[in-house]
Structures are given as C-alpha cells and as structure tokens.
$ cat final-v4.pdb   # PDB, C-alpha atoms
ATOM      1  CA  MET F  12      -9.514   2.528  -2.365
ATOM      2  CA  ALA F  13      -8.626  -0.867  -3.871
ATOM      3  CA  THR F  14      -6.592  -3.181  -1.701
ATOM      4  CA  SER F  15      -3.426  -4.847  -2.995
ATOM      5  CA  THR F  16      -5.362  -8.128  -3.119
ATOM      6  CA  ASN F  17      -8.034  -6.587  -5.316
ATOM      7  CA  ARG F  18      -5.422  -5.049  -7.576
ATOM      8  CA  ASN F  19      -3.768  -8.458  -7.997
ATOM      9  CA  ARG F  20      -7.098 -10.009  -8.883
ATOM     10  CA  GLN F  21      -7.716  -7.328 -11.476
ATOM     11  CA  LYS F  22      -4.323  -7.789 -13.110
ATOM     12  CA  LYS F  23      -4.675  -9.485 -16.465
ATOM     13  CA  VAL F  24      -2.193 -11.707 -18.250
ATOM     14  CA  ALA F  25      -0.512  -9.898 -21.135
ATOM     15  CA  GLY F  26      -1.380 -11.434 -24.509
ATOM     16  CA  ALA F  27       1.155 -12.476 -27.115
ATOM     17  CA  ARG F  28       1.786 -10.276 -30.121
ATOM     18  CA  ARG F  29       1.210 -12.290 -33.260
ATOM     19  CA  PRO F  30       3.237 -11.985 -36.461
ATOM     20  CA  GLU F  31       1.837  -9.917 -39.304
ATOM     21  CA  LEU F  32       3.002 -11.783 -42.394
ATOM     22  CA  ARG F  33       2.684 -10.279 -45.842
ATOM     23  CA  LEU F  34       4.759 -12.418 -48.157
ATOM     24  CA  PRO F  35       5.822 -10.866 -51.461
ATOM     25  CA  PRO F  36       5.407 -12.760 -54.749
ATOM     26  CA  LEU F  37       7.624 -15.799 -54.342
ATOM     27  CA  GLU F  38       9.988 -17.477 -56.773
ATOM     28  CA  ALA F  39       9.843 -21.277 -56.965
ATOM     29  CA  TYR F  40      12.968 -22.985 -55.689
ATOM     30  CA  GLY F  41      13.756 -26.602 -56.492
ATOM     31  CA  GLY F  42      17.239 -26.950 -55.075
ATOM     32  CA  GLY F  43      18.490 -28.227 -51.753
ATOM     33  CA  LEU F  44      19.876 -26.821 -48.541
ATOM     34  CA  GLU F  45      23.379 -25.465 -48.152
ATOM     35  CA  PRO F  46      25.278 -24.416 -45.023
ATOM     36  CA  ASP F  47      25.029 -20.635 -44.575
ATOM     37  CA  GLY F  48      22.699 -20.511 -47.571
ATOM     38  CA  ASP F  49      20.761 -17.313 -48.211
ATOM     39  CA  TYR F  50      17.140 -17.876 -49.268
ATOM     40  CA  ASP F  51      15.169 -14.725 -49.991
ATOM     41  CA  GLY F  52      11.643 -14.540 -51.376
ATOM     42  CA  LEU F  53      11.533 -18.227 -52.323
ATOM     43  CA  GLU F  54       8.905 -20.949 -52.220
ATOM     44  CA  LEU F  55      10.173 -24.412 -51.380
ATOM     45  CA  SER F  56       7.310 -26.745 -52.159
ATOM     46  CA  GLY F  57       7.136 -30.525 -51.897
ATOM     47  CA  LEU F  58      10.905 -30.925 -51.540
ATOM     48  CA  ASP F  59      12.571 -33.891 -49.864
ATOM     49  CA  LEU F  60      15.245 -32.282 -47.720
ATOM     50  CA  THR F  61      16.002 -35.442 -45.751
ATOM     51  CA  GLY F  62      19.428 -35.365 -44.115
ATOM     52  CA  GLN F  63      20.499 -32.183 -45.850
ATOM     53  CA  SER F  64      22.735 -29.575 -44.198
ATOM     54  CA  GLY F  65      21.497 -26.027 -43.869
ATOM     55  CA  GLU F  66      23.407 -24.932 -40.779
ATOM     56  CA  GLY F  67      23.399 -21.155 -40.394
ATOM     57  CA  ALA F  68      21.104 -20.646 -43.389
ATOM     58  CA  ARG F  69      18.848 -17.598 -43.598
ATOM     59  CA  PHE F  70      15.258 -17.766 -44.849
ATOM     60  CA  LEU F  71      13.712 -14.339 -45.410
ATOM     61  CA  ASP F  72      10.184 -13.896 -46.803
ATOM     62  CA  CYS F  73      10.053 -17.598 -47.669
ATOM     63  CA  ALA F  74       7.427 -20.321 -47.726
ATOM     64  CA  LEU F  75       8.251 -23.974 -47.051
ATOM     65  CA  ARG F  76       5.276 -26.114 -48.035
ATOM     66  CA  GLU F  77       4.921 -29.901 -47.650
ATOM     67  CA  CYS F  78       8.668 -30.411 -47.353
ATOM     68  CA  GLY F  79      10.298 -33.473 -45.789
ATOM     69  CA  LEU F  80      12.765 -32.549 -43.060
ATOM     70  CA  ASP F  81      13.772 -35.934 -41.653
ATOM     71  CA  GLY F  82      17.205 -35.542 -40.087
ATOM     72  CA  ALA F  83      17.726 -32.152 -41.714
ATOM     73  CA  ARG F  84      20.447 -30.126 -39.998
ATOM     74  CA  LEU F  85      19.412 -26.502 -39.589
ATOM     75  CA  THR F  86      21.343 -25.548 -36.481
ATOM     76  CA  GLY F  87      21.639 -21.798 -36.098
ATOM     77  CA  ALA F  88      19.338 -21.178 -39.071
ATOM     78  CA  ARG F  89      17.215 -18.017 -39.169
ATOM     79  CA  PHE F  90      13.599 -17.988 -40.336
ATOM     80  CA  LEU F  91      12.381 -14.411 -40.695
ATOM     81  CA  ASP F  92       8.950 -13.314 -41.942
ATOM     82  CA  SER F  93       8.323 -16.812 -43.273
ATOM     83  CA  VAL F  94       5.708 -19.556 -43.200
ATOM     84  CA  LEU F  95       6.202 -23.320 -42.857
ATOM     85  CA  THR F  96       3.121 -25.253 -43.918
ATOM     86  CA  GLY F  97       2.691 -29.014 -43.760
ATOM     87  CA  VAL F  98       6.368 -29.688 -43.059
ATOM     88  CA  ARG F  99       7.106 -33.141 -41.684
ATOM     89  CA  GLY F 100      10.082 -34.966 -40.313
ATOM     90  CA  VAL F 101      11.734 -36.865 -37.499
ATOM     91  CA  GLY F 102      14.905 -35.649 -35.824
ATOM     92  CA  THR F 103      15.033 -32.237 -37.474
ATOM     93  CA  ASP F 104      17.860 -30.300 -35.824
ATOM     94  CA  LEU F 105      17.084 -26.628 -35.283
ATOM     95  CA  ALA F 106      19.223 -26.122 -32.201
ATOM     96  CA  GLY F 107      20.075 -22.465 -31.703
ATOM     97  CA  ALA F 108      17.814 -21.416 -34.569
ATOM     98  CA  GLN F 109      15.938 -18.119 -34.659
ATOM     99  CA  LEU F 110      12.273 -17.861 -35.665
ATOM    100  CA  ARG F 111      10.912 -14.324 -35.864
ATOM    101  CA  ASP F 112       7.565 -13.383 -37.381
ATOM    102  CA  VAL F 113       6.947 -16.984 -38.423
ATOM    103  CA  GLU F 114       3.876 -19.193 -38.827
ATOM    104  CA  VAL F 115       4.193 -22.987 -38.562
ATOM    105  CA  VAL F 116       0.985 -24.557 -39.849
ATOM    106  CA  GLU F 117      -0.106 -28.227 -39.708
ATOM    107  CA  ALA F 118       3.373 -29.552 -39.045
ATOM    108  CA  ARG F 119       3.970 -33.245 -38.353
ATOM    109  CA  LEU F 120       7.250 -33.452 -36.483
ATOM    110  CA  GLY F 121       8.932 -35.813 -34.040
ATOM    111  CA  GLY F 122      12.032 -35.314 -31.920
ATOM    112  CA  THR F 123      12.617 -31.806 -33.228
ATOM    113  CA  GLN F 124      15.617 -30.149 -31.587
ATOM    114  CA  LEU F 125      15.039 -26.492 -30.776
ATOM    115  CA  HIS F 126      17.173 -26.280 -27.639
ATOM    116  CA  GLY F 127      18.767 -22.886 -27.236
ATOM    117  CA  ALA F 128      16.560 -21.475 -30.000
ATOM    118  CA  VAL F 129      14.911 -18.044 -29.983
ATOM    119  CA  LEU F 130      11.252 -17.810 -31.014
ATOM    120  CA  GLU F 131       9.664 -14.376 -31.262
ATOM    121  CA  ARG F 132       6.256 -13.473 -32.664
ATOM    122  CA  THR F 133       5.718 -17.043 -33.781
ATOM    123  CA  VAL F 134       2.488 -18.993 -34.191
ATOM    124  CA  VAL F 135       2.344 -22.800 -34.257
ATOM    125  CA  ARG F 136      -1.102 -23.665 -35.595
ATOM    126  CA  GLY F 137      -2.530 -27.176 -35.957
ATOM    127  CA  GLY F 138      -0.554 -30.341 -36.490
ATOM    128  CA  LYS F 139       1.225 -32.605 -34.035
ATOM    129  CA  ILE F 140       4.724 -32.349 -32.597
ATOM    130  CA  ASP F 141       6.129 -35.171 -30.490
ATOM    131  CA  TYR F 142       9.123 -34.876 -28.131
ATOM    132  CA  LEU F 143       9.823 -31.227 -28.916
ATOM    133  CA  ASN F 144      13.083 -30.151 -27.278
ATOM    134  CA  LEU F 145      12.943 -26.502 -26.237
ATOM    135  CA  ARG F 146      15.434 -26.730 -23.397
ATOM    136  CA  ALA F 147      17.065 -23.388 -22.602
ATOM    137  CA  ALA F 148      15.145 -21.765 -25.470
ATOM    138  CA  LYS F 149      13.712 -18.249 -25.334
ATOM    139  CA  LEU F 150      10.070 -17.835 -26.338
ATOM    140  CA  LYS F 151       8.577 -14.358 -26.543
ATOM    141  CA  ASP F 152       5.162 -13.613 -28.050
ATOM    142  CA  VAL F 153       4.564 -17.225 -29.097
ATOM    143  CA  VAL F 154       1.156 -18.840 -29.647
ATOM    144  CA  PHE F 155       0.454 -22.577 -29.816
ATOM    145  CA  GLU F 156      -2.983 -22.888 -31.376
ATOM    146  CA  GLY F 157      -5.026 -26.015 -32.090
ATOM    147  CA  CYS F 158      -1.992 -28.282 -31.986
ATOM    148  CA  VAL F 159      -0.971 -31.416 -30.102
ATOM    149  CA  LEU F 160       2.290 -31.302 -28.168
ATOM    150  CA  THR F 161       3.379 -34.658 -26.761
ATOM    151  CA  GLU F 162       6.121 -34.646 -24.122
ATOM    152  CA  PRO F 163       7.541 -31.204 -24.913
ATOM    153  CA  ASP F 164      10.619 -30.258 -22.901
ATOM    154  CA  PHE F 165      10.712 -26.633 -21.713
ATOM    155  CA  GLY F 166      13.477 -27.327 -19.178
ATOM    156  CA  GLY F 167      15.402 -24.149 -18.354
ATOM    157  CA  ALA F 168      13.526 -22.193 -21.033
ATOM    158  CA  VAL F 169      12.368 -18.587 -20.698
ATOM    159  CA  LEU F 170       8.746 -18.022 -21.734
ATOM    160  CA  GLN F 171       7.287 -14.536 -21.954
ATOM    161  CA  ARG F 172       3.814 -13.791 -23.291
ATOM    162  CA  VAL F 173       3.175 -17.338 -24.498
ATOM    163  CA  GLU F 174      -0.376 -18.567 -25.161
ATOM    164  CA  PHE F 175      -1.743 -22.073 -25.565
ATOM    165  CA  VAL F 176      -5.100 -22.009 -27.377
ATOM    166  CA  ASP F 177      -7.240 -25.136 -27.925
ATOM    167  CA  CYS F 178      -4.155 -27.321 -27.514
ATOM    168  CA  MET F 179      -3.318 -30.703 -26.075
ATOM    169  CA  LEU F 180      -0.251 -30.522 -23.836
ATOM    170  CA  THR F 181       0.737 -33.900 -22.415
ATOM    171  CA  GLY F 182       3.852 -35.027 -20.572
ATOM    172  CA  ALA F 183       5.238 -31.484 -20.460
ATOM    173  CA  ASP F 184       8.413 -30.753 -18.507
ATOM    174  CA  PHE F 185       8.919 -27.205 -17.176
ATOM    175  CA  THR F 186      11.812 -28.003 -14.846
ATOM    176  CA  GLY F 187      13.815 -24.843 -14.214
ATOM    177  CA  ALA F 188      11.766 -22.793 -16.682
ATOM    178  CA  ARG F 189      10.995 -19.112 -16.071
ATOM    179  CA  LEU F 190       7.491 -18.019 -17.034
ATOM    180  CA  THR F 191       6.002 -14.557 -17.423
ATOM    181  CA  ASP F 192       2.458 -14.026 -18.694
ATOM    182  CA  VAL F 193       2.077 -17.616 -19.881
ATOM    183  CA  ASP F 194      -1.594 -18.443 -20.493
ATOM    184  CA  LEU F 195      -2.398 -22.148 -20.162
ATOM    185  CA  ARG F 196      -6.158 -21.744 -19.786
ATOM    186  CA  GLY F 197      -6.779 -22.718 -23.412
ATOM    187  CA  VAL F 198      -5.156 -26.137 -23.007
ATOM    188  CA  GLN F 199      -7.832 -28.798 -23.389
ATOM    189  CA  ARG F 200      -5.691 -31.473 -21.763
ATOM    190  CA  LEU F 201      -2.913 -30.305 -19.476
ATOM    191  CA  GLU F 202      -0.486 -32.905 -18.174
ATOM    192  CA  ILE F 203       2.740 -31.815 -16.508
ATOM    193  CA  THR F 204       5.223 -34.473 -15.504
ATOM    194  CA  GLY F 205       8.056 -32.225 -14.310
ATOM    195  CA  GLY F 206       8.646 -28.706 -13.075
ATOM    196  CA  VAL F 207       5.196 -27.958 -11.717
ATOM    197  CA  GLU F 208       6.977 -25.760  -9.163
ATOM    198  CA  SER F 209       8.168 -23.573 -12.058
ATOM    199  CA  LEU F 210       4.637 -22.535 -13.075
ATOM    200  CA  SER F 211       4.858 -19.269 -11.196
ATOM    201  CA  GLY F 212       4.044 -16.635 -13.815
ATOM    202  CA  ALA F 213       1.512 -18.859 -15.589
ATOM    203  CA  VAL F 214      -2.277 -18.590 -15.550
ATOM    204  CA  ILE F 215      -4.428 -21.730 -15.333
ATOM    205  CA  SER F 216      -8.144 -22.333 -14.931
ATOM    206  CA  SER F 217      -9.817 -23.634 -11.776
ATOM    207  CA  MET F 218     -10.516 -26.936 -13.539
ATOM    208  CA  GLN F 219      -6.873 -27.278 -14.526
ATOM    209  CA  LEU F 220      -5.911 -26.647 -10.908
ATOM    210  CA  LEU F 221      -8.011 -29.639  -9.887
ATOM    211  CA  ASP F 222      -6.350 -31.768 -12.561
ATOM    212  CA  LEU F 223      -2.895 -30.722 -11.353
ATOM    213  CA  ALA F 224      -3.717 -31.179  -7.678
ATOM    214  CA  PRO F 225      -2.165 -34.692  -7.416
ATOM    215  CA  VAL F 226       1.093 -33.468  -8.978
ATOM    216  CA  LEU F 227       1.167 -30.404  -6.731
ATOM    217  CA  ALA F 228       0.466 -32.513  -3.654
ATOM    218  CA  ALA F 229       3.234 -34.951  -4.538
ATOM    219  CA  ARG F 230       5.678 -32.087  -5.107
ATOM    220  CA  LEU F 231       4.804 -30.582  -1.734
ATOM    221  CA  GLY F 232       4.963 -33.942   0.010
ATOM    222  CA  VAL F 233       1.285 -33.791   0.944
ATOM    223  CA  ARG F 234      -0.599 -37.071   1.352
ATOM    224  CA  VAL F 235      -4.238 -37.061   0.296
ATOM    225  CA  GLU F 236      -6.369 -39.664   2.038
ATOM    226  CA  ASP F 237     -10.111 -40.240   2.205
TER     227      ASP F 237
END

$ encode --input "final-v4.pdb" --output "structure tokens"
Amino acid sequence: MATSTNRNRQKKVAGARRPELRLPPLEAYGGGLEPDGDYDGLELSGLDLTGQSGEGARFLDCALRECGLDGARLTGARFLDSVLTGVRGVGTDLAGAQLRDVEVVEARLGGTQLHGAVLERTVVRGGKIDYLNLRAAKLKDVVFEGCVLTEPDFGGAVLQRVEFVDCMLTGADFTGARLTDVDLRGVQRLEITGGVESLSGAVISSMQLLDLAPVLAARLGVRVED
C-alpha cells in the first residue's frame, strides 16, 4: 500500500488548457477605438492607436497585428477568441480587462496595466514585457512561452494552472498571491524579489531551489556562513 508521502510524490501538477483559436475570414478595419465599441470578426493591422479610448470595448474573433498601443485606454475591455500579434506600446491600460481564448504573440510592451484583469485560456508567446502589472488579477489556464518578463507584479493575484515555458522571469513579485498548479520549471532564469513565501502551490526544479536559496534563507531569517 502506498504511503501518503509516496502519493504526494506521485501527484503531478495539472497542465494549463490552451486556447483553440479558429478565426473566421476577417474584414479589414482601418478606424480607431471607441468606448464600449463592438468589434466582431475584424482585422486591425498596422494601426497607430496611441492614446485612444476603448474602455469597455469588446473584441470577438479579431486579430490585432503590429498595432501601436502607447497609452491606449482599454480598461474593462474584453478580448474573446482573438489574437494579438506584434502589438507594442508603453503604458497601455487594460485594468479590469478580460482575455479569454486569446493568443498574444511577439508583443513588445512596457508598463502594461492588467491589475484586476481576468485571463483564461490565454497564451503569451515570445516578445518582451517590462513592468507588467497583474496585481489582484485572476489567471486560469495561462501559458507564458518563450517570452521575457521583467519585474512582473503578481501581488495579490490568483494563479491556477499557469505554466512558464522557456521564459525569463526576473524581478518577479508574488507578494500575497495564491498559486495552484503553477509550473515554474520551464523558467530559464527565475528571480523573485518579493513574495517567495507565497510560492506554495508552485512547482520548481531542484536547480531553481538552489538559486532561490538565498532569498528563502533571508525570508526565514537564516544566516548562511562558511
């Protein structure tokens, strides 16, 4: 009969469910953003949406490709069954937004506000995102793949079935976060500056444990001397 210890060892982390996107034929759209706008089956390509207001807008079966989003205001927007490819911008405000069945590919973003947002069945693939604010956000079935995340803030966030695959994760803050089935083993460089005590529910590799040892020791008040 297996002991409880053996059963715990055999327990595997649950993997994230990825989106299954099948976009319909899209209609080219050359306009701008509007508050509470309804965008359905459209392709927004190469548009400069700098500083525009799209609060509460809904994007269904859409593709945003190579669009500039500097200072764009998309608070409370909903992205459903959509793909964002090569989007770029600093200070894009997506606070309280919803992303469901979405792929974000090769994005170049800085200071993006996603606090209080809900991400479900979302893949972030490639690209680089600096100072990503995900405080108090809810992430379920989310995959970060082949991307660089610099100083992301997961403070108070809820992460369930979240995977990091071939990523760089530096200066991450997990203070007050709640993690369930979060797989960090695929992070090539893992650097946590806050909230290491909140990693219960995450899976890391033995090598990552060694890298985090100084942070863990400091948090526990343990002095390490030779």

$ resolve_selection --input "final-v4.pdb" --expression "the PyMOL selection byres ((chain F and resi 136-146) around 6)" --output "PyMOL selection string"
chain F and resi 116-126+135+147-148+156-168

$ residues_around --input "final-v4.pdb" --residues "Arg76 (chain F)" --least-positions-apart "6" --cutoff "10 Å" --atoms "only C-alpha atoms" --output "VMD selection string"
chain F and resid 54 to 58 94 to 99 116 118

$ residues_near_point --input "final-v4.pdb" --point "(18.4, -23.6, -33.6)" --cutoff "9 Å" --atoms "only C-alpha atoms" --output "PyMOL selection string"
chain F and resi 66-67+85-89+104-110+124-129+148

$ closest_residue --input "final-v4.pdb" --among "F:Arg196, F:Arg84, F:Arg172, F:Arg189" --to "Glu131 (chain F)" --atoms "all atoms listed in the file"
F:Arg172

$ resolve_selection --input "final-v4.pdb" --expression "the PyMOL selection byres ((chain F and resi 208) around 8)" --output "list in words"
Thr186, Gly206, Val207, Ser209, Leu210, Ser211, Leu227 and Arg230 of chain F

$ atom_distance --input "final-v4.pdb" --atom1 "CA of Leu60 (chain F)" --atom2 "CA of Val101 (chain F)"
11.7 Å

$ residues_around --input "final-v4.pdb" --residues "Gly182 (chain F)" --least-positions-apart "4" --cutoff "6 Å" --atoms "all atoms listed in the file" --output "PyMOL selection string"
chain F and resi 162+202-204

$ closest_atom_pairs --input "final-v4.pdb" --of "region 143-225 of chain F" --to "region 25-39 of chain F" --cutoff "9 Å" --atoms "all atoms listed in the file" --output "tab-separated table"
residue	atom	partner	partner_atom	distance
F:Lys151	CA	F:Ala27	CA	7.7
F:Asp152	CA	F:Ala27	CA	4.3
F:Val153	CA	F:Ala27	CA	6.2
F:Val154	CA	F:Ala27	CA	6.8
F:Gln171	CA	F:Ala27	CA	8.3
F:Arg172	CA	F:Ala27	CA	4.8
F:Val173	CA	F:Ala27	CA	5.9
F:Glu174	CA	F:Ala27	CA	6.6
F:Thr191	CA	F:Ala25	CA	8.8
F:Asp192	CA	F:Ala25	CA	5.6
F:Val193	CA	F:Ala25	CA	8.2
F:Asp194	CA	F:Gly26	CA	8.1

$ closest_residue --input "final-v4.pdb" --among "F:Arg200, F:Gly52, F:Gly62, F:Leu195" --to "Ser216 (chain F)" --atoms "all atoms listed in the file"
F:Leu195

$ atom_distance --input "final-v4.pdb" --atom1 "CA of Asp177 (chain F)" --atom2 "CA of Lys149 (chain F)"
22.2 Å

$ axis_aligned_box --input "final-v4.pdb" --around "region 188-197 of chain F" --padding-each-side "6 Å" --output "JSON"
{"center_x": 2.5, "center_y": -18.4, "center_z": -19.7, "size_x": 30.5, "size_y": 20.8, "size_z": 19.3}

$ atom_distance --input "final-v4.pdb" --atom1 "CA of Thr181 (chain F)" --atom2 "CA of Gln199 (chain F)"
10.0 Å

$ residues_around --input "final-v4.pdb" --residues "Asp112 (chain F)" --least-positions-apart "2" --cutoff "6 Å" --atoms "only C-alpha atoms" --output "PyMOL selection string"
chain F and resi 30+91-92+132-133
